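A short write-up of the structure that comes next.
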Amino acid sequence: MKTELKEVSPTQREIHIEIEPEAIKTVYNNVSQKYAKGATVPGFRKGFAPLDVIRMRFKEEIKNEVLRELLPEKVQQAIEENELQPLAEPHLHFDNMENMKLNGSEPLSLHIHVEVMPEIPTPDYKGLEVTRRVRPLPEGEMDRIIDQRRQSGATLIPVEGRKSEEGDTLIVDLEGTFEDGDSDPIKADDLEITLGDEGIEKSFTDNLAGLEEDDDKEFTVSYPADFSSPMLAGKTVNYKAKVKSVGKVELPELDDDWAQSLEEGYESLADLKERLGKDLEQVSNSDADAAMRTELINKLIEKHDFEIPNSLVEAQARNLLNNFAQDMQQRGVDLNKVDKEFVQMAYNQMRPQAERDVRGAMLLEKIAEIENVDVTDEDVSKEIEMMANYYGVPAEQIRQSIQSQQGGEANIANNLRTRKAVEALVKHAKVSEGEWVDPSQANAPEAEASTEGEEKPKAKAKKAKSETEEAEAEEKPKKKSAKKDK
């Protein structure tokens with residue numbers, strides 16, 4: 001067999017292959033004999049029809065089977081001879097498809113296109129400049145968190161001698177049917193609805209006020225077209241509510257006794273606030289570090305332009321699309337009813353982000369090589385221990401869960417290798433400390449100065465989770481609520 005390698009582009013190789021007649025003839029004869037033994041031909045006993053008759057009668061079947069038996073081995077041999085590592089299945093093309101003969105009378109000529117990893121240029125990653133900005137504690141943030149803790153320990157006290165009013169919390173069984181009949185009915189039992197709460201639709205407050213335990217109420221809600229929940233947007237729903245109880249939320253007193261009752265080692269309310277302040281400060285610093293790393297990676301990507309494999313971009317775009325689909329499903333969207341054109345549009349919008357993700361991963365891998373990054377079995381074990389502590393489960397349970405996923409512990413090792421490459425990027429960067437700038441306001445001057453007809457940029461697709469994060473994420477039970485999507 002003869003092969004000739006051509007470089008089409010940094011990520012594409014073309015191999016021209018010529019398979020010798022002798023190899024073709026051997027396969028052709030074997031396939032012909034197999035058909036001759038099992039074929040039934042009118043006028044001949046089974047297995048006794050002349051070989052020439054078999055070859056004429058089953059010409060196309062024999063031709064296709066010869067190709068199926070011959071090509072995989074020869075294509076693989078050509079790839080190995082040229083020391084290529086394909087990223088996807090090679091694309092095969094015959095040089096003379098119409099006049100191709102597979103009886104061994106002449107050689108078979110074809111060529112294959114193989115996608116490979118490009119030679120990544122040595123990245124210029126040292127001396128990148130970045131400003132680290134720590135978000136100050138927002139006014140009232142600590143009080144808000146403490147109030148959330150008090151809410152979690154609140155008691156629902158039944159009201160007596162009056163009907164429900166704003167501020168009361170009702171426990172209801174709710175059923176809803178859509179007027180258009182196209183959507184599945186809504187059914188929720190033991191739903192907590194606090195009348196007048198900012199997260200509750202005003203129509204619920206209006207219709208559920210003035211009720212008592214065991215009362216039934218029917219009402220209709222017409223949702224605007226831009227409503228936050230896609231499942232309800234633009235729809236009219238007829239609701240039936242059964243009131244099971246009416247109560248008033250009673251919060252625990254904000255004092256030392258309450259702080260001690262949390263059983264988290266707080267000696268007093270002042271102790272709780274001091275430790276909470278330190279925790280919030282730590283979170284702000286962690287967020288600042290994460291934002292700094294993200295900015296450095298973005299600068300690294302923008303600084304290096306090179307061709308990247310299309311198959312990797314497509315795989316990452318599909319990964320982003322799957323995450324987007326899961327998010328839509330969690331918001332109540334029936335994926336079976338999503339228009340195919342919308343899916344294609346979403347996929348096309350995610351490709352630029354996918355390209356950045358792939359380019360960033362390739363650059364970080366190159367940095368890992370330059371920095372001689374090494375991930376040991378001990379590193380992987382320590383990471384599993386940290387994950388076990390975070391989720392509050394035995395390390396062996398985490399390990400078994402990881403091993404059951406595709407890639408297993410290699411995913412952990414790859415994530416650690418990437419993390420160490422980012423650490424090297426930070427180590428060689430020029431980092432300065434700066435005042436906090438609200439990201440939502442950072443580009444306001446540019447937005448105001450833009451031309452009137454300019455198209456606004458669309459929100460970026462959500463970053464795909466790493467396989468390890470997806471494998472270990474546990475679905476937390478959610479409190480039933482009639483609150484609007486935020």
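Here's how to read the names in the structure tokens: chain A, B, ... by the order shown, residue numbers from 1 in each chain, ligand numbers from 1 in the order shown.
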Note to self: I'd like the contact shell of region 246-250 of chain A - 7 Å cut-off, only C-alpha atoms, skipping same-chain residues fewer than 5 positions apart - returned as an MDAnalysis selection string.
What the structure shows: chainID A and resid 154:159 164 168:171 212:213
Using only C-alpha atoms, please write the residues we just selected to a file, as an mmCIF file, in the first residue's frame.
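What landed in part.cif:
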data_model
loop_
_atom_site.group_PDB
_atom_site.id
_atom_site.type_symbol
_atom_site.label_atom_id
_atom_site.label_comp_id
_atom_site.auth_asym_id
_atom_site.auth_seq_id
_atom_site.Cartn_x
_atom_site.Cartn_y
_atom_site.Cartn_z
ATOM 1 C CA ALA A 154 -39.410 30.962 61.873
ATOM 2 C CA THR A 155 -42.599 29.458 63.254
ATOM 3 C CA LEU A 156 -45.928 29.604 61.463
ATOM 4 C CA ILE A 157 -48.555 30.512 64.065
ATOM 5 C CA PRO A 158 -52.195 29.842 63.016
ATOM 6 C CA VAL A 159 -54.379 32.955 62.983
ATOM 7 C CA SER A 164 -56.370 36.059 55.648
ATOM 8 C CA ASP A 168 -50.179 36.130 56.238
ATOM 9 C CA THR A 169 -48.764 32.856 54.948
ATOM 10 C CA LEU A 170 -51.231 30.396 53.443
ATOM 11 C CA ILE A 171 -50.706 26.686 52.869
ATOM 12 C CA GLU A 212 -60.135 31.016 55.980
ATOM 13 C CA GLU A 213 -59.012 27.447 56.510
#
Margin query: Show me, as a ChimeraX atom specification, the residues that have an atom within 12 Å of region 228-233 of chain A when counting only C-alpha atoms, minus same-chain residues fewer than 6 positions from it.
Written below: /A:176-180,182-186,199,201,221-222,327-335,337-338,482-486
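Distances to Leu67 (chain A) were evaluated for A:Ala413, A:Val41, A:Met387, A:Leu102 using only C-alpha atoms, and the minimum falls at A:Leu102.
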Note to self: Applying 10 Å and only C-alpha atoms, which residues near Arg419 (chain A) remain after dropping the ones on its own chain fewer than 6 positions away? List them as a count of residues only.
What the structure shows: 5
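Between CA of Ser286 (chain A) and CA of Arg149 (chain A) there is a distance of 22.8 Å.
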